[in-house]
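Enquirer: Below: one structure in structure tokens.
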Amino acid sequence: MQFIINGTSTSVEADPRTSLLDLLRDHVHLFGAKKGCNQGACGACTVLVDGGQRILSCLALAAQYEGREITTIEGLADEHGLHPLQHAFIEHDGFQCGYCTPGQICSAVGMIAEWKRGVPSHVTGDVSAEQIPLSSDELRERMSGNLCRCGAYNGIVDAIVETYAEAAK
Amino acid sequence: MTPFTYARAHDTAEAIQLAGTSAAKYLGGGTNLVDLMRETIERPTALIDVTGLSSSIEQRPDGAWLIGAAASNTAVAEHPAIRTNFPALTRAIVAGASAQIRNMATVGGNLMQRTRCSYFYDDDGARCNKREPGQGCDAIGGFNRMHAILGGSDQCVATHPSDMCVALAALDAVVHLESAAGKRAVPLTDFHRLPADQPQIETVLKPGELITGIELPPASFGKYSTYRKVRDRASYAFALVSVAAAVDIQSNTINEVRLALGGIATKPWRAWKAEQSLKGQPASHASFQRAIDAELADARPLSANGFKIELTRRTVVAVLSELTGVSA
């Protein structure tokens with residue numbers, strides 16, 4: 001199976017039963033995406049597909065994503081250093097144990113893309129509105145698929161708000 | 001997981017041909033099927049990936065909207081025409097699961113998702129007639145707080161988990177199907193079956209038949225529709241009770257109404273009796289109360305879910321009040 005993982009064309013032999021998460025961790029040795037619940041409840045395995053769509057790699061069969069572009073936490077930094085959101089997570093104590101962090105950060109990157117596109121959420125007042133203000137309630141609702149058992153939610157929200165403050169205006 | 005072969009279908013005819021064997025399953029986003037396969041509750045020997053088939057959202061000349069079965073839940077929820085003309089559908093979709101799952105999950109797959117009854121999932125420790133026909137049901141005498149008060153049988157009281165399907169039931173959606181025998185269309189309200197004495201058979205799909213799309217008929221009052229979900233957490237939880245409604249009122253009289261309920265029934269529950277009761281009545285708390293009482297007259301609460309009756313009453317009255325501008 002061929003994939004473009006973090007910009008690099010990658011060829012992997014794997015059984016059809018292999019999840020995208022197991023492919024990334026066990027075959028490609030990218031350990032950023034975490035296996036938290038392995039049943040779609042925690043969001044620790046969140047990765048980005050085709051330039052920014054967030055998905056759960058634990059519920060994805062790798063075979064379904066053959067030929068697609070996959071971005072993991074390892075692919076967010078570039079030659080200039082960490083992604084601004086990674087810096088902000090450090091700055092705002094957006095984690096304690098760090099286990100959910102790769103998923104939180106990938107999810108937030110995907111979340112901002114959805115919000116910019118005008119995707120409504122459960123707490124949106126007028127779902128027909130073209131632009132939706134990114135309030136704290138909106139941000140928390142849109143990130144509800146990512147659990148943090150350390151309870152670093154306030155720091156996570158602060159890091160996202162700081163990184164995307166301009167976009168959110 | 002039990003071993004299986006994987007193949008991508010490039011068009012409907014190829015999908016149907018590839019799925020020739022009865023142990024094959026069509027694969028959408030996989031958000032439910034992959035989980036059930038991991039638990040070995042589902043054991044297909046072949047998966048036919050149908051996510052490459054039609055995902056378009058288009059209006060037909062007669063005004064109806066046709067949504068390809070491979071459209072993602074997010075794509076439907078964010079489509080400008082759906083948000084404007086059928087807000088109940090957008091609201092129902094964004095009330096379900098998480099953003100990551102909605103990005104993966106397809107419309108066809110949403111219709112086919114299976115109950116989250118914990119006894120159904122507990123292959124090693126519990127009896128379940130849906131998983132193993134004839135085995136018995138441990139939910140009926142067990143922890144049944146999440147289970148159905150409408151549409152259950154002595155064999156099964158598992159709720160249908162979908163939010164999206166509740167809105168589709170209220171909006172008179174029609175499911176488009178195709179098999180080697182040809183095409184047919186089934187109203188969404190007839191697509192899911194009541195458990196009766198065969199809870200393992202959940203839909204009217206024939207072996208090998210594929211969901212190709214969903215049709216939303218033009219409804220002038222679809223824009224006066226909404227969806228409200230009551231759950232244990234503020235987000236990312238299955239419904240205790242949910243209500244989809246669309247109302248057309250003229251001079252404070254209910255001209256047309258569509259009402260469907262989720263979280264309390266074994267299938268997406270169209271509240272026909274409540275609708276019958278509401279037509280021609282003034283928009284008032286008394287009418288709303290009478291209507292939902294008519295619907296809930298058939299309710300059969302279990303040991304731990306009787307609270308759903310009062311919760312449904314209150315939620316329905318609140319939603320109809322919101323849509324018709326009747327103050328609380």
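Chain labels A, B, ... are given in the sequence in which chains occur in the structure tokens; within each chain residues are numbered consecutively from 1, and ligands are likewise numbered from 1 in the order shown.
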At a cut-off of 7 Å, can you tabulate as a tab-separated table every residue of chain A near chain B together with its closest atom pair and the distance in Å to one decimal, using only C-alpha atoms and ordering rows by chain then number?
Expert:
```
residue	atom	partner	partner_atom	distance
A:Pro16	CA	B:Tyr6	CA	6.3
A:Arg17	CA	B:Met1	CA	6.9
A:Gln39	CA	B:Asp35	CA	6.0
A:Arg54	CA	B:Gln100	CA	5.4
A:Ile55	CA	B:Gln100	CA	4.4
A:Leu56	CA	B:Gln100	CA	6.0
A:Leu59	CA	B:Thr31	CA	5.5
A:Ala60	CA	B:Gly30	CA	6.5
A:Val119	CA	B:Glu78	CA	5.0
A:Pro120	CA	B:Glu78	CA	6.5
A:Ser121	CA	B:Val94	CA	5.5
A:His122	CA	B:Val94	CA	5.2
A:Val127	CA	B:Arg83	CA	5.9
A:Ser128	CA	B:Arg83	CA	5.0
A:Glu141	CA	B:Ser235	CA	6.6
A:Arg142	CA	B:Ala99	CA	6.7
A:Ser144	CA	B:Ser235	CA	6.4
A:Gly145	CA	B:Ser98	CA	4.8
```
Enquirer: Please identify which residues in region 159-319 of chain B DSSP calls alpha helix (DSSP H) from the backbone, and express them as number ranges by chain.
Expert: B: 164-170, 188-191, 272-278, 285-296, 307-319
Enquirer: Give me the residues near Thr115 (chain B) as a list in words, where near means some atom within 8 Å (using only C-alpha atoms) and where sequence neighbours in that chain fewer than 2 positions away do not count.
Expert: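 Answer for this query is Gln113, Cys117, Phe120, Ala158, Thr159, His160 and Pro161 of chain B.
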Enquirer: Suppose we keep N, CA and C atoms; can you now write the selection as a PDB file, in the first residue's frame?
Expert:
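selection-v8.pdb, freshly written:
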```
ATOM      1  N   GLN B 113     -25.949   2.087  10.956  1.00  0.00           N
ATOM      2  CA  GLN B 113     -25.257   1.879  12.228  1.00  0.00           C
ATOM      3  C   GLN B 113     -26.126   1.078  13.171  1.00  0.00           C
ATOM      4  N   CYS B 117     -26.405  -0.565  22.511  1.00  0.00           N
ATOM      5  CA  CYS B 117     -26.800  -1.336  23.708  1.00  0.00           C
ATOM      6  C   CYS B 117     -25.566  -2.080  24.221  1.00  0.00           C
ATOM      7  N   PHE B 120     -25.517  -5.809  23.760  1.00  0.00           N
ATOM      8  CA  PHE B 120     -25.243  -6.210  22.373  1.00  0.00           C
ATOM      9  C   PHE B 120     -23.733  -6.257  22.144  1.00  0.00           C
ATOM     10  N   ALA B 158     -33.446  -2.455  22.408  1.00  0.00           N
ATOM     11  CA  ALA B 158     -32.286  -1.601  22.101  1.00  0.00           C
ATOM     12  C   ALA B 158     -32.722  -0.389  21.286  1.00  0.00           C
ATOM     13  N   THR B 159     -32.166   0.772  21.609  1.00  0.00           N
ATOM     14  CA  THR B 159     -32.528   1.979  20.866  1.00  0.00           C
ATOM     15  C   THR B 159     -31.709   2.094  19.585  1.00  0.00           C
ATOM     16  N   HIS B 160     -32.313   2.747  18.598  1.00  0.00           N
ATOM     17  CA  HIS B 160     -31.553   3.095  17.397  1.00  0.00           C
ATOM     18  C   HIS B 160     -30.716   4.321  17.751  1.00  0.00           C
ATOM     19  N   PRO B 161     -29.409   4.324  17.426  1.00  0.00           N
ATOM     20  CA  PRO B 161     -28.527   5.368  17.959  1.00  0.00           C
ATOM     21  C   PRO B 161     -28.454   6.653  17.139  1.00  0.00           C
TER      22      PRO B 161
END
```
Enquirer: Using only C-alpha atoms, which protein or nucleic acid residues come within 9 Å of Ile132 (chain A)? Drop anything in the same chain fewer than 4 positions from it, and give the result as a PyMOL selection string.
Expert: chain A and resi 115-116+118-120+124-127+138
Enquirer: Hey, can you spit out that residue selection with N, CA and C atoms as a PDB file, in the first residue's frame?
Expert:
```pdb
ATOM      1  N   TRP A 115     -13.970  25.482  10.807  1.00  0.00           N
ATOM      2  CA  TRP A 115     -14.612  26.729  11.225  1.00  0.00           C
ATOM      3  C   TRP A 115     -14.468  27.810  10.143  1.00  0.00           C
ATOM      4  N   LYS A 116     -13.275  27.887   9.530  1.00  0.00           N
ATOM      5  CA  LYS A 116     -13.071  28.880   8.468  1.00  0.00           C
ATOM      6  C   LYS A 116     -13.989  28.626   7.272  1.00  0.00           C
ATOM      7  N   GLY A 118     -16.918  27.538   7.519  1.00  0.00           N
ATOM      8  CA  GLY A 118     -18.299  27.843   7.893  1.00  0.00           C
ATOM      9  C   GLY A 118     -19.103  26.652   8.380  1.00  0.00           C
ATOM     10  N   VAL A 119     -18.434  25.537   8.736  1.00  0.00           N
ATOM     11  CA  VAL A 119     -19.159  24.367   9.243  1.00  0.00           C
ATOM     12  C   VAL A 119     -19.806  24.737  10.586  1.00  0.00           C
ATOM     13  N   PRO A 120     -21.123  24.574  10.724  1.00  0.00           N
ATOM     14  CA  PRO A 120     -21.761  24.892  12.009  1.00  0.00           C
ATOM     15  C   PRO A 120     -21.485  23.816  13.054  1.00  0.00           C
ATOM     16  N   THR A 124     -24.034  26.341  17.637  1.00  0.00           N
ATOM     17  CA  THR A 124     -24.224  27.492  16.753  1.00  0.00           C
ATOM     18  C   THR A 124     -25.684  27.958  16.803  1.00  0.00           C
ATOM     19  N   GLY A 125     -25.893  29.260  17.014  1.00  0.00           N
ATOM     20  CA  GLY A 125     -27.254  29.783  17.109  1.00  0.00           C
ATOM     21  C   GLY A 125     -27.986  29.702  15.780  1.00  0.00           C
ATOM     22  N   ASP A 126     -27.419  30.311  14.747  1.00  0.00           N
ATOM     23  CA  ASP A 126     -28.039  30.316  13.428  1.00  0.00           C
ATOM     24  C   ASP A 126     -27.186  29.461  12.502  1.00  0.00           C
ATOM     25  N   VAL A 127     -27.661  28.245  12.212  1.00  0.00           N
ATOM     26  CA  VAL A 127     -26.828  27.332  11.416  1.00  0.00           C
ATOM     27  C   VAL A 127     -26.735  27.771   9.957  1.00  0.00           C
ATOM     28  N   GLU A 138     -18.136  27.632  21.324  1.00  0.00           N
ATOM     29  CA  GLU A 138     -17.951  27.010  20.011  1.00  0.00           C
ATOM     30  C   GLU A 138     -16.674  26.172  20.003  1.00  0.00           C
TER      31      GLU A 138
END
```
Enquirer: Using DSSP assignments from the backbone, pull out every residue in region 66-139 of chain B that falls under strand (DSSP E or B) and give it to me as a list in words.
Expert: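 DSSP-assigned strand (DSSP E or B) residues in region 66-139 of chain B: Leu66, Ile67, Gly68, Ser72 and Thr106 of chain B.
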Enquirer: Just want the 9 Å neighbourhood of Asn38 (chain A), counted on only C-alpha atoms, with same-chain residues fewer than 2 positions away dropped. Output as a list in words.
Expert: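 Here the answer would be Leu21, Lys35, Gly36, Gly40, Ala41, Cys42, Ala44, Cys45, Ser57, Cys58 and Leu59 of chain A; Asp35 of chain B.
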Enquirer: Just the residues within 10 Å of His176 (chain B), please, counting only C-alpha atoms, with nothing from its chain fewer than 3 positions along; format it as an mmCIF file with N, CA and C atoms, in the first residue's frame.
Expert:
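Printed below is result.cif as written:
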```cif
data_model
loop_
_atom_site.group_PDB
_atom_site.id
_atom_site.type_symbol
_atom_site.label_atom_id
_atom_site.label_comp_id
_atom_site.auth_asym_id
_atom_site.auth_seq_id
_atom_site.Cartn_x
_atom_site.Cartn_y
_atom_site.Cartn_z
ATOM 1 N N LEU B 66 -31.153 15.487 -3.607
ATOM 2 C CA LEU B 66 -30.648 14.123 -3.612
ATOM 3 C C LEU B 66 -29.229 14.120 -3.049
ATOM 4 N N ILE B 67 -29.034 13.349 -1.999
ATOM 5 C CA ILE B 67 -27.732 13.273 -1.329
ATOM 6 C C ILE B 67 -27.132 11.902 -1.605
ATOM 7 N N GLY B 68 -25.963 11.865 -2.231
ATOM 8 C CA GLY B 68 -25.292 10.590 -2.495
ATOM 9 C C GLY B 68 -24.947 9.896 -1.189
ATOM 10 N N ALA B 69 -25.080 8.559 -1.170
ATOM 11 C CA ALA B 69 -24.889 7.809 0.075
ATOM 12 C C ALA B 69 -23.470 7.939 0.617
ATOM 13 N N GLY B 108 -24.971 6.844 4.045
ATOM 14 C CA GLY B 108 -25.431 5.454 3.952
ATOM 15 C C GLY B 108 -25.065 4.676 5.205
ATOM 16 N N ALA B 173 -37.835 11.873 4.352
ATOM 17 C CA ALA B 173 -36.762 11.420 3.452
ATOM 18 C C ALA B 173 -37.098 10.060 2.841
ATOM 19 N N LYS B 183 -33.632 -1.089 -9.113
ATOM 20 C CA LYS B 183 -33.652 0.020 -8.154
ATOM 21 C C LYS B 183 -35.016 0.078 -7.473
ATOM 22 N N ARG B 184 -35.022 0.586 -6.254
ATOM 23 C CA ARG B 184 -36.287 0.887 -5.590
ATOM 24 C C ARG B 184 -36.066 2.016 -4.594
ATOM 25 N N ALA B 185 -37.147 2.608 -4.153
ATOM 26 C CA ALA B 185 -37.076 3.694 -3.182
ATOM 27 C C ALA B 185 -38.012 3.373 -2.023
ATOM 28 N N VAL B 186 -37.518 3.592 -0.799
ATOM 29 C CA VAL B 186 -38.277 3.238 0.403
ATOM 30 C C VAL B 186 -38.308 4.465 1.326
ATOM 31 N N PRO B 187 -39.477 4.853 1.826
ATOM 32 C CA PRO B 187 -39.490 5.948 2.804
ATOM 33 C C PRO B 187 -38.607 5.602 3.999
ATOM 34 N N LEU B 188 -37.882 6.592 4.512
ATOM 35 C CA LEU B 188 -36.991 6.305 5.644
ATOM 36 C C LEU B 188 -37.755 5.686 6.807
ATOM 37 N N LEU B 210 -27.755 -2.201 -1.996
ATOM 38 C CA LEU B 210 -26.888 -1.078 -1.616
ATOM 39 C C LEU B 210 -27.707 0.206 -1.493
ATOM 40 N N ILE B 211 -27.429 0.985 -0.452
ATOM 41 C CA ILE B 211 -28.029 2.318 -0.338
ATOM 42 C C ILE B 211 -27.245 3.236 -1.265
ATOM 43 N N THR B 212 -27.923 3.865 -2.224
ATOM 44 C CA THR B 212 -27.210 4.747 -3.155
ATOM 45 C C THR B 212 -27.417 6.224 -2.841
ATOM 46 N N GLY B 213 -28.499 6.553 -2.145
ATOM 47 C CA GLY B 213 -28.719 7.966 -1.829
ATOM 48 C C GLY B 213 -29.939 8.186 -0.966
ATOM 49 N N ILE B 214 -30.091 9.435 -0.546
ATOM 50 C CA ILE B 214 -31.242 9.856 0.259
ATOM 51 C C ILE B 214 -31.889 11.025 -0.461
ATOM 52 N N GLU B 215 -33.195 10.975 -0.555
ATOM 53 C CA GLU B 215 -33.926 12.066 -1.202
ATOM 54 C C GLU B 215 -34.702 12.850 -0.153
#
```
Enquirer: Just the residues within 9 Å of region 268-279 of chain B, please, counting only C-alpha atoms, with nothing from its chain fewer than 6 positions along; format it as a ChimeraX atom specification.
Expert: /B:150-151,159-163,165-170,188-189,192,253-262,287-288,290-296
Enquirer: Per residue of region 151-232 of chain B within 9 Å of region 11-17 of chain B, record the nearest atom pair and its distance in Å to one decimal, counting only C-alpha atoms, with rows in chain order and ascending residue number, as a tab-separated table.
Expert:
```
residue	atom	partner	partner_atom	distance
B:Glu178	CA	B:Thr12	CA	8.0
B:Ser179	CA	B:Ile16	CA	6.2
B:Ala180	CA	B:Ile16	CA	6.7
B:Gly208	CA	B:Ile16	CA	6.4
B:Glu209	CA	B:Ile16	CA	7.2
B:Leu210	CA	B:Ile16	CA	7.1
B:Thr212	CA	B:Thr12	CA	7.7
```
Enquirer: For Gly32 (chain A), which residue among A:Gly67, A:Gly94, A:Gly103, A:Gly52 is the nearest when counting only C-alpha atoms?
Expert: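 When distances to Gly32 (chain A) are compared using only C-alpha atoms, the smallest one comes from A:Gly103.
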Enquirer: Which is closer to Cys148 (chain A) than all the others in A:Thr101, A:Val123, A:Thr46, A:Leu30, using only C-alpha atoms?
Expert: A:Thr101
Enquirer: Counting only C-alpha atoms, which of B:Gln281, B:Ser321, B:Thr45, B:Gln198 gets nearest to Ser22 (chain B)?
Expert: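 Result for the nearest residue to Ser22 (chain B): B:Thr45.
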